[in-house]
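Below is final22.cif, which holds mmCIF, C-alpha atoms.
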data_upload
#
loop_
_atom_site.label_atom_id
_atom_site.label_comp_id
_atom_site.auth_asym_id
_atom_site.auth_seq_id
_atom_site.Cartn_x
_atom_site.Cartn_y
_atom_site.Cartn_z
CA MET A 1 0.00 0.00 0.00
CA MET A 2 1.29 3.47 -0.89
CA ARG A 3 2.10 5.66 2.10
CA VAL A 4 -0.18 8.65 2.59
CA THR A 5 2.88 10.93 2.49
CA GLU A 6 3.68 9.65 -1.01
CA GLN A 7 0.19 9.93 -2.47
CA ASP A 8 -0.49 12.34 -5.32
CA SER A 9 -1.33 15.91 -4.40
CA LYS A 10 -4.99 16.73 -4.86
CA TYR A 11 -3.92 19.85 -6.74
CA LYS A 12 -3.33 19.49 -10.48
CA ASP A 13 -1.22 21.67 -12.75
CA ILE A 14 0.42 23.51 -9.88
CA ASP A 15 3.03 24.86 -12.27
CA LYS A 16 0.28 26.75 -14.10
CA MET A 17 -1.14 28.45 -11.01
CA SER A 18 -0.64 32.12 -10.26
CA VAL A 19 1.46 33.05 -7.23
CA LEU A 20 -1.71 33.96 -5.34
CA GLU A 21 -3.29 30.60 -6.12
CA ILE A 22 -0.16 28.75 -4.97
CA LEU A 23 -0.03 30.69 -1.70
CA ASN A 24 -3.74 30.29 -0.97
CA ASN A 25 -3.66 26.56 -1.67
CA ILE A 26 -0.59 25.96 0.48
CA ASN A 27 -2.26 27.88 3.29
CA LYS A 28 -5.47 25.91 2.81
CA GLU A 29 -3.57 22.67 3.34
CA ASP A 30 -1.62 24.07 6.30
CA GLN A 31 -4.85 24.92 8.09
CA THR A 32 -5.65 21.21 8.36
CA VAL A 33 -2.45 20.39 10.25
CA ALA A 34 -3.38 21.73 13.69
CA MET A 35 -6.62 19.74 13.70
CA THR A 36 -4.73 16.56 12.85
CA VAL A 37 -2.31 17.18 15.71
CA GLN A 38 -5.23 17.81 18.05
CA GLN A 39 -6.64 14.38 17.24
CA SER A 40 -3.32 12.83 18.29
CA ILE A 41 -3.08 14.58 21.68
CA PRO A 42 -3.98 11.35 23.56
CA GLN A 43 -0.95 9.68 21.95
CA ILE A 44 1.27 12.67 22.73
CA GLU A 45 0.05 12.66 26.34
CA LYS A 46 1.04 9.02 26.78
CA ALA A 47 4.53 9.72 25.44
CA VAL A 48 5.01 12.73 27.73
CA ASN A 49 3.75 10.84 30.77
CA ALA A 50 6.27 8.07 30.08
CA ILE A 51 9.23 10.35 29.40
CA PHE A 52 8.72 12.96 32.14
CA PRO A 53 9.41 10.78 35.21
CA ARG A 54 12.62 9.51 33.63
CA MET A 55 13.82 13.04 32.97
CA LEU A 56 12.80 14.06 36.50
CA ALA A 57 15.06 11.26 37.76
CA GLY A 58 17.96 12.61 35.70
CA GLY A 59 17.38 10.90 32.36
CA ARG A 60 17.76 12.53 28.97
CA LEU A 61 15.58 12.78 25.88
CA PHE A 62 17.04 11.88 22.49
CA TYR A 63 15.55 12.66 19.08
CA ILE A 64 16.77 10.63 16.11
CA GLY A 65 15.79 11.40 12.53
CA ALA A 66 16.91 12.00 8.96
CA GLY A 67 16.40 14.89 6.56
CA THR A 68 13.67 17.34 7.52
CA SER A 69 12.59 15.23 10.49
CA GLY A 70 16.12 15.08 11.82
CA ARG A 71 16.61 18.83 11.42
CA LEU A 72 13.40 19.52 13.32
CA GLY A 73 14.64 17.36 16.18
CA VAL A 74 17.96 19.19 16.28
CA VAL A 75 16.19 22.56 16.30
CA ASP A 76 13.83 21.61 19.13
CA ALA A 77 16.66 20.16 21.22
CA SER A 78 18.91 23.17 20.65
CA GLU A 79 16.21 25.56 21.85
CA CYS A 80 15.78 23.85 25.24
CA PRO A 81 18.94 25.22 26.95
CA PRO A 82 18.32 28.91 26.13
CA THR A 83 14.58 28.68 26.76
CA PHE A 84 14.57 26.61 29.93
CA GLY A 85 18.13 26.87 31.26
CA VAL A 86 18.74 23.11 31.11
CA ALA A 87 22.10 21.52 30.31
CA PHE A 88 22.91 21.24 26.61
CA ASP A 89 22.76 17.43 26.84
CA LYS A 90 19.37 17.19 28.57
CA VAL A 91 17.58 17.05 25.21
CA VAL A 92 19.74 15.84 22.33
CA GLY A 93 18.93 15.94 18.62
CA ILE A 94 20.77 13.45 16.40
CA ILE A 95 20.50 13.56 12.62
CA ALA A 96 21.53 10.89 10.13
CA GLY A 97 24.79 11.93 8.52
CA GLY A 98 25.93 13.99 11.50
CA ASP A 99 25.83 17.74 12.04
CA VAL A 100 26.91 18.45 8.46
CA ALA A 101 23.50 17.06 7.40
CA ILE A 102 21.76 19.94 9.16
CA ARG A 103 22.79 22.21 6.29
CA LYS A 104 23.57 19.81 3.47
CA ALA A 105 21.90 16.51 2.61
CA VAL A 106 24.17 13.50 3.13
CA GLU A 107 23.39 10.89 0.50
CA PHE A 108 22.01 7.57 1.73
CA ALA A 109 22.67 8.42 5.41
CA GLU A 110 19.08 7.58 6.28
CA ASP A 111 19.44 4.09 4.80
CA ASP A 112 21.96 2.84 7.38
CA GLU A 113 20.00 0.83 9.94
CA ASN A 114 22.98 0.47 12.30
CA GLN A 115 24.25 4.05 12.53
CA ALA A 116 21.60 5.55 14.84
CA TRP A 117 22.46 3.13 17.63
CA ILE A 118 26.16 3.85 17.13
CA ASP A 119 25.35 7.55 17.42
CA LEU A 120 23.25 6.99 20.55
CA LYS A 121 25.91 4.84 22.23
CA SER A 122 28.41 7.70 21.88
CA PHE A 123 26.29 9.48 24.53
CA GLN A 124 26.42 6.47 26.89
CA ILE A 125 22.66 6.11 26.55
CA ASN A 126 21.03 4.05 29.30
CA THR A 127 17.67 2.93 30.66
CA ASN A 128 17.06 6.28 32.39
CA ASP A 129 16.87 7.91 28.96
CA SER A 130 14.14 8.03 26.31
CA VAL A 131 14.33 8.03 22.50
CA ILE A 132 11.86 9.57 20.06
CA GLY A 133 12.23 8.56 16.42
CA LEU A 134 11.22 11.17 13.87
CA ALA A 135 10.23 9.94 10.42
CA ALA A 136 7.42 11.28 8.28
CA SER A 137 7.42 8.06 6.23
CA GLY A 138 7.30 5.82 9.28
CA SER A 139 9.92 3.51 7.82
CA THR A 140 13.31 5.32 7.68
CA PRO A 141 15.97 2.61 8.31
CA TYR A 142 18.22 4.91 10.37
CA VAL A 143 15.36 5.64 12.77
CA LEU A 144 14.01 2.10 12.81
CA GLY A 145 17.38 0.59 13.68
CA GLY A 146 17.93 3.03 16.52
CA LEU A 147 14.52 2.40 18.04
CA LEU A 148 14.82 -1.39 17.78
CA GLU A 149 18.17 -1.41 19.58
CA ALA A 150 16.95 1.04 22.21
CA LYS A 151 13.91 -1.11 22.87
CA LYS A 152 16.09 -4.21 23.24
CA MET A 153 18.05 -2.38 25.93
CA GLY A 154 14.89 -1.50 27.87
CA ILE A 155 14.95 2.18 26.91
CA VAL A 156 11.58 3.90 26.47
CA THR A 157 10.86 4.55 22.79
CA ALA A 158 8.39 6.82 21.04
CA CYS A 159 8.02 8.14 17.51
CA ILE A 160 6.40 10.90 15.50
CA VAL A 161 5.33 9.72 12.06
CA CYS A 162 2.92 10.92 9.40
CA ASN A 163 1.60 7.57 8.21
CA ARG A 164 -0.59 5.11 10.07
CA GLY A 165 1.16 1.97 11.30
CA GLY A 166 4.42 0.70 9.87
CA SER A 167 7.71 -0.62 11.21
CA ILE A 168 8.68 2.44 13.25
CA VAL A 169 5.27 2.55 14.96
CA GLU A 170 5.69 -1.13 15.84
CA ALA A 171 9.16 -0.43 17.27
CA SER A 172 7.82 2.33 19.53
CA ASP A 173 6.31 2.00 22.98
CA PHE A 174 4.48 5.29 22.48
CA PRO A 175 3.81 6.09 18.81
CA VAL A 176 2.42 9.43 17.71
CA GLU A 177 0.76 9.27 14.30
CA LEU A 178 0.05 12.59 12.58
CA VAL A 179 -1.64 11.63 9.32
CA VAL A 180 -1.90 15.00 7.58
CA GLY A 181 -2.66 13.55 4.14
CA PRO A 182 -1.02 14.10 0.76
CA GLU A 183 1.30 17.10 0.47
CA PHE A 184 0.59 20.13 -1.71
CA LEU A 185 3.70 19.11 -3.65
CA THR A 186 3.53 15.34 -4.03
CA GLY A 187 5.87 13.71 -1.52
CA SER A 188 7.31 16.98 -0.14
CA THR A 189 7.13 16.09 3.55
CA ARG A 190 8.98 19.26 4.58
CA MET A 191 5.56 20.90 4.21
CA LYS A 192 2.50 19.63 6.14
CA SER A 193 4.29 16.64 7.63
CA GLY A 194 7.19 18.79 8.83
CA THR A 195 4.79 21.35 10.29
CA ALA A 196 2.90 18.64 12.15
CA GLN A 197 6.10 17.15 13.54
CA LYS A 198 7.30 20.54 14.72
CA LEU A 199 4.01 21.20 16.51
CA ALA A 200 4.24 17.85 18.27
CA LEU A 201 7.87 18.41 19.25
CA ASN A 202 6.99 21.83 20.68
CA MET A 203 4.22 20.23 22.71
CA ILE A 204 6.38 17.40 24.03
CA SER A 205 9.45 19.39 25.05
CA THR A 206 7.50 22.37 26.41
CA SER A 207 5.11 20.28 28.50
CA ILE A 208 8.00 18.26 29.94
CA MET A 209 9.98 21.40 30.81
CA ILE A 210 6.93 22.94 32.48
CA LYS A 211 6.42 19.82 34.59
CA LEU A 212 10.14 19.80 35.45
CA GLY A 213 9.62 23.22 37.04
CA HIS A 214 11.31 25.51 34.51
CA VAL A 215 8.21 27.69 34.17
CA LYS A 216 6.55 29.78 36.89
CA GLY A 217 3.09 31.03 36.08
CA ASN A 218 3.52 31.58 32.36
CA ARG A 219 7.16 32.74 32.42
CA MET A 220 10.47 31.11 31.50
CA VAL A 221 12.20 31.77 34.80
CA ASP A 222 15.31 29.74 33.95
CA MET A 223 15.92 31.11 30.45
CA GLN A 224 19.51 32.01 29.54
CA LEU A 225 20.22 35.73 29.46
CA SER A 226 22.20 35.48 26.26
CA ASN A 227 21.38 38.77 24.52
CA ILE A 228 20.06 42.27 25.23
CA LYS A 229 16.48 41.36 24.35
CA LEU A 230 16.43 38.44 26.77
CA VAL A 231 18.07 40.45 29.54
CA ASP A 232 15.40 43.13 29.11
CA ARG A 233 12.69 40.46 29.15
CA GLY A 234 14.19 39.01 32.32
CA VAL A 235 14.28 42.40 34.03
CA LYS A 236 10.62 42.97 33.23
CA MET A 237 9.75 39.52 34.58
CA VAL A 238 11.49 40.35 37.85
CA MET A 239 9.71 43.73 37.97
CA THR A 240 6.32 42.08 37.56
CA GLU A 241 7.00 39.31 40.06
CA LEU A 242 8.43 41.57 42.80
CA ASN A 243 6.70 44.87 42.03
CA VAL A 244 10.00 46.75 41.90
CA ASP A 245 11.30 49.32 39.42
CA TYR A 246 13.49 48.61 36.41
CA THR A 247 16.75 49.64 38.10
CA ILE A 248 16.31 47.39 41.11
CA ALA A 249 15.16 44.49 38.93
CA SER A 250 18.17 44.94 36.65
CA GLU A 251 20.57 44.95 39.58
CA LEU A 252 18.99 41.82 41.03
CA LEU A 253 19.15 40.00 37.70
CA THR A 254 22.77 40.99 37.10
CA LYS A 255 23.78 39.85 40.57
CA HIS A 256 21.91 36.54 40.65
CA GLY A 257 22.04 35.47 36.99
CA SER A 258 18.49 34.26 36.41
CA VAL A 259 14.92 35.36 36.98
CA ARG A 260 14.34 32.50 39.41
CA ASN A 261 17.43 33.27 41.51
CA ALA A 262 16.78 37.01 41.50
CA VAL A 263 13.22 36.58 42.73
CA GLN A 264 14.13 34.01 45.37
CA ALA A 265 17.04 36.10 46.70
CA TYR A 266 14.89 39.22 47.00
CA GLN A 267 12.04 37.36 48.68
CA GLN A 268 14.41 35.80 51.22
CA CYS A 269 15.91 39.19 52.05
CA THR A 270 12.50 40.77 52.62
CA LYS A 271 11.08 38.07 54.85
#

As structure tokens:
Amino acid sequence: MMRVTEQDSKYKDIDKMSVLEILNNINKEDQTVAMTVQQSIPQIEKAVNAIFPRMLAGGRLFYIGAGTSGRLGVVDASECPPTFGVAFDKVVGIIAGGDVAIRKAVEFAEDDENQAWIDLKSFQINTNDSVIGLAASGSTPYVLGGLLEAKKMGIVTACIVCNRGGSIVEASDFPVELVVGPEFLTGSTRMKSGTAQKLALNMISTSIMIKLGHVKGNRMVDMQLSNIKLVDRGVKMVMTELNVDYTIASELLTKHGSVRNAVQAYQQCTK
């Protein structure tokens, strides 16, 4: 049976469309993605509930993928330290072909069923950790091999795919299936499938980080103060939390290094 992600686009003669028609039709398809993800929230919830306690106990979360899926995993993982102040190796994105594949496709890297486990072992992966395989097709050998080996070792496995069933789903303890349908451009899974995967990744990592305590109220109290914009945001967060002026908040943030530490230090001093 042909995978949904490989089925013909329902749009004919795309090359003859005006720019406005192309844009409107792409947007029309994109609007269906969020609803598809919503239908898979029960699957996402199960994955989060399995991964969270392991991370709370010190475990790590690994994403493995190839091509667009792999790049999305790397992006989500790389955003966790600046956003939530966690160590750079708390969430790790691994892409077939190595870091060079983030910018330039590495031919046939996704076809090596043994390499993902080799890549994972370089991080001394263990049963406290969790692995999420990312593959729009649901059958990428690189991802499948990594999940199968992880599962053999008793490591929790999950996946985010855009076809129903398949070998990667079977290799996952907690599969997430986001069946967004045929792409606007036949087979171009960087479009709806990629968007769906990114939404799910945002949901998984953000919900885990919230439950790990890196958010207070609706604010990122552990974010890294790595540029002027973020420092200013941090100062304003301290101002709001403590009801102090900008100067005092800035001094507190500079002295204590994070919104959380600044607030806690001030509150302890005023008790």

Result set of the PyMOL selection byres ((chain A and resi 106-109) around 8) on the coordinates above, as an MDAnalysis selection string: chainID A and resid 66 96:97 100:101 104:105 110:112 142

Between atom CA of A:Ile132 and atom CA of A:Gln7, distance in Å (one decimal):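 Here the two named atoms are 25.4 Å from each other.
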
Counting only C-alpha atoms, note down every residue that has an atom within 10 Å of the point (13.7, 45.6, 42.5) (file coordinates), as a PDB file with C-alpha atoms, in the coordinates of the input.
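Result saved to out36.pdb:
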ATOM      1  CA  VAL A 235      14.280  42.400  34.030  1.00  0.00           C
ATOM      2  CA  VAL A 238      11.490  40.350  37.850  1.00  0.00           C
ATOM      3  CA  MET A 239       9.710  43.730  37.970  1.00  0.00           C
ATOM      4  CA  THR A 240       6.320  42.080  37.560  1.00  0.00           C
ATOM      5  CA  GLU A 241       7.000  39.310  40.060  1.00  0.00           C
ATOM      6  CA  LEU A 242       8.430  41.570  42.800  1.00  0.00           C
ATOM      7  CA  ASN A 243       6.700  44.870  42.030  1.00  0.00           C
ATOM      8  CA  VAL A 244      10.000  46.750  41.900  1.00  0.00           C
ATOM      9  CA  ASP A 245      11.300  49.320  39.420  1.00  0.00           C
ATOM     10  CA  TYR A 246      13.490  48.610  36.410  1.00  0.00           C
ATOM     11  CA  THR A 247      16.750  49.640  38.100  1.00  0.00           C
ATOM     12  CA  ILE A 248      16.310  47.390  41.110  1.00  0.00           C
ATOM     13  CA  ALA A 249      15.160  44.490  38.930  1.00  0.00           C
ATOM     14  CA  SER A 250      18.170  44.940  36.650  1.00  0.00           C
ATOM     15  CA  GLU A 251      20.570  44.950  39.580  1.00  0.00           C
ATOM     16  CA  LEU A 252      18.990  41.820  41.030  1.00  0.00           C
ATOM     17  CA  LEU A 253      19.150  40.000  37.700  1.00  0.00           C
ATOM     18  CA  ALA A 262      16.780  37.010  41.500  1.00  0.00           C
ATOM     19  CA  VAL A 263      13.220  36.580  42.730  1.00  0.00           C
ATOM     20  CA  TYR A 266      14.890  39.220  47.000  1.00  0.00           C
TER      21      TYR A 266
END

Shell around A:Glu45 at 10 Å using only C-alpha atoms, local window under 5 positions removed, as number ranges by chain: A: 40, 50-51, 174, 176, 203-204, 207

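The residue that comes closest to A:Ser193, out of A:Ile95, A:Ile208, A:Ile64, A:Ala135 and on the basis of only C-alpha atoms, is A:Ala135.
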
Atom CA of A:Pro141 to atom CA of A:Gly73, distance in Å rounded to a single decimal: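 If I compute the distance from atom CA of A:Pro141 to atom CA of A:Gly73, I get 16.8 Å.
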
Interatomic distance, atom CA of A:Phe88 to atom CA of A:Lys198 (Å, one decimal):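 Answer for the atom CA of A:Phe88 to atom CA of A:Lys198 separation: 19.6 Å.
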
Given the PyMOL selection byres ((chain A and resi 148) around 9), the residues it picks as a list in words: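 For this structure, the PyMOL selection byres ((chain A and resi 148) around 9) resolves to Trp117, Val143, Leu144, Gly145, Gly146, Leu147, Glu149, Ala150, Lys151, Lys152, Met153, Thr157, Ile168, Ala171 and Ser172 of chain A.
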
Best match for closeness to A:Asp222 among A:Gly165, A:Pro82, A:Gly93, A:Gly70, counting only C-alpha atoms: A:Pro82

Spatial neighbours of A:Gly58, max dist 10 Å, all atoms listed in the file, sep filter under 2 positions, as number ranges by chain: A: 52-56, 60, 90, 128-129

Explicit residue set for the PyMOL selection byres ((chain A and resi 217-221) around 8), as an MDAnalysis selection string: chainID A and resid 83:84 214:216 222:223 234 237 258:260

Just write the chosen residues, C-alpha atoms, as a compact mmCIF listing (two decimals), keeping the file's coordinate frame.
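Result saved to out29.txt:
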# COMPACT_ATOMS: atom_id res chain seq x y z
CA THR A 83 14.58 28.68 26.76
CA PHE A 84 14.57 26.61 29.93
CA HIS A 214 11.31 25.51 34.51
CA VAL A 215 8.21 27.69 34.17
CA LYS A 216 6.55 29.78 36.89
CA ASP A 222 15.31 29.74 33.95
CA MET A 223 15.92 31.11 30.45
CA GLY A 234 14.19 39.01 32.32
CA MET A 237 9.75 39.52 34.58
CA SER A 258 18.49 34.26 36.41
CA VAL A 259 14.92 35.36 36.98
CA ARG A 260 14.34 32.50 39.41

Shell of 9 Å around A:Ala34, all atoms listed in the file, local chain residues under 4 positions omitted, as a ChimeraX atom specification: /A:30,38-39,195-196,199

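Across A:Val231, A:Val33, A:Val74, A:Val48, the tightest approach to A:Arg103 is made by A:Val74 when counting all atoms listed in the file.
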
Selected residue of minimal separation from A:Leu178 among A:Ile102, A:Val156, A:Ile228, A:Ile44, counting only C-alpha atoms: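 That would be A:Ile44, the residue with the smallest distance to A:Leu178.
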
Counting all atoms listed in the file, the residue of A:Val4, A:Asp99, A:Lys12, A:Ile155 that sits nearest A:Thr127: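 Selected residue with least distance to A:Thr127: A:Ile155.
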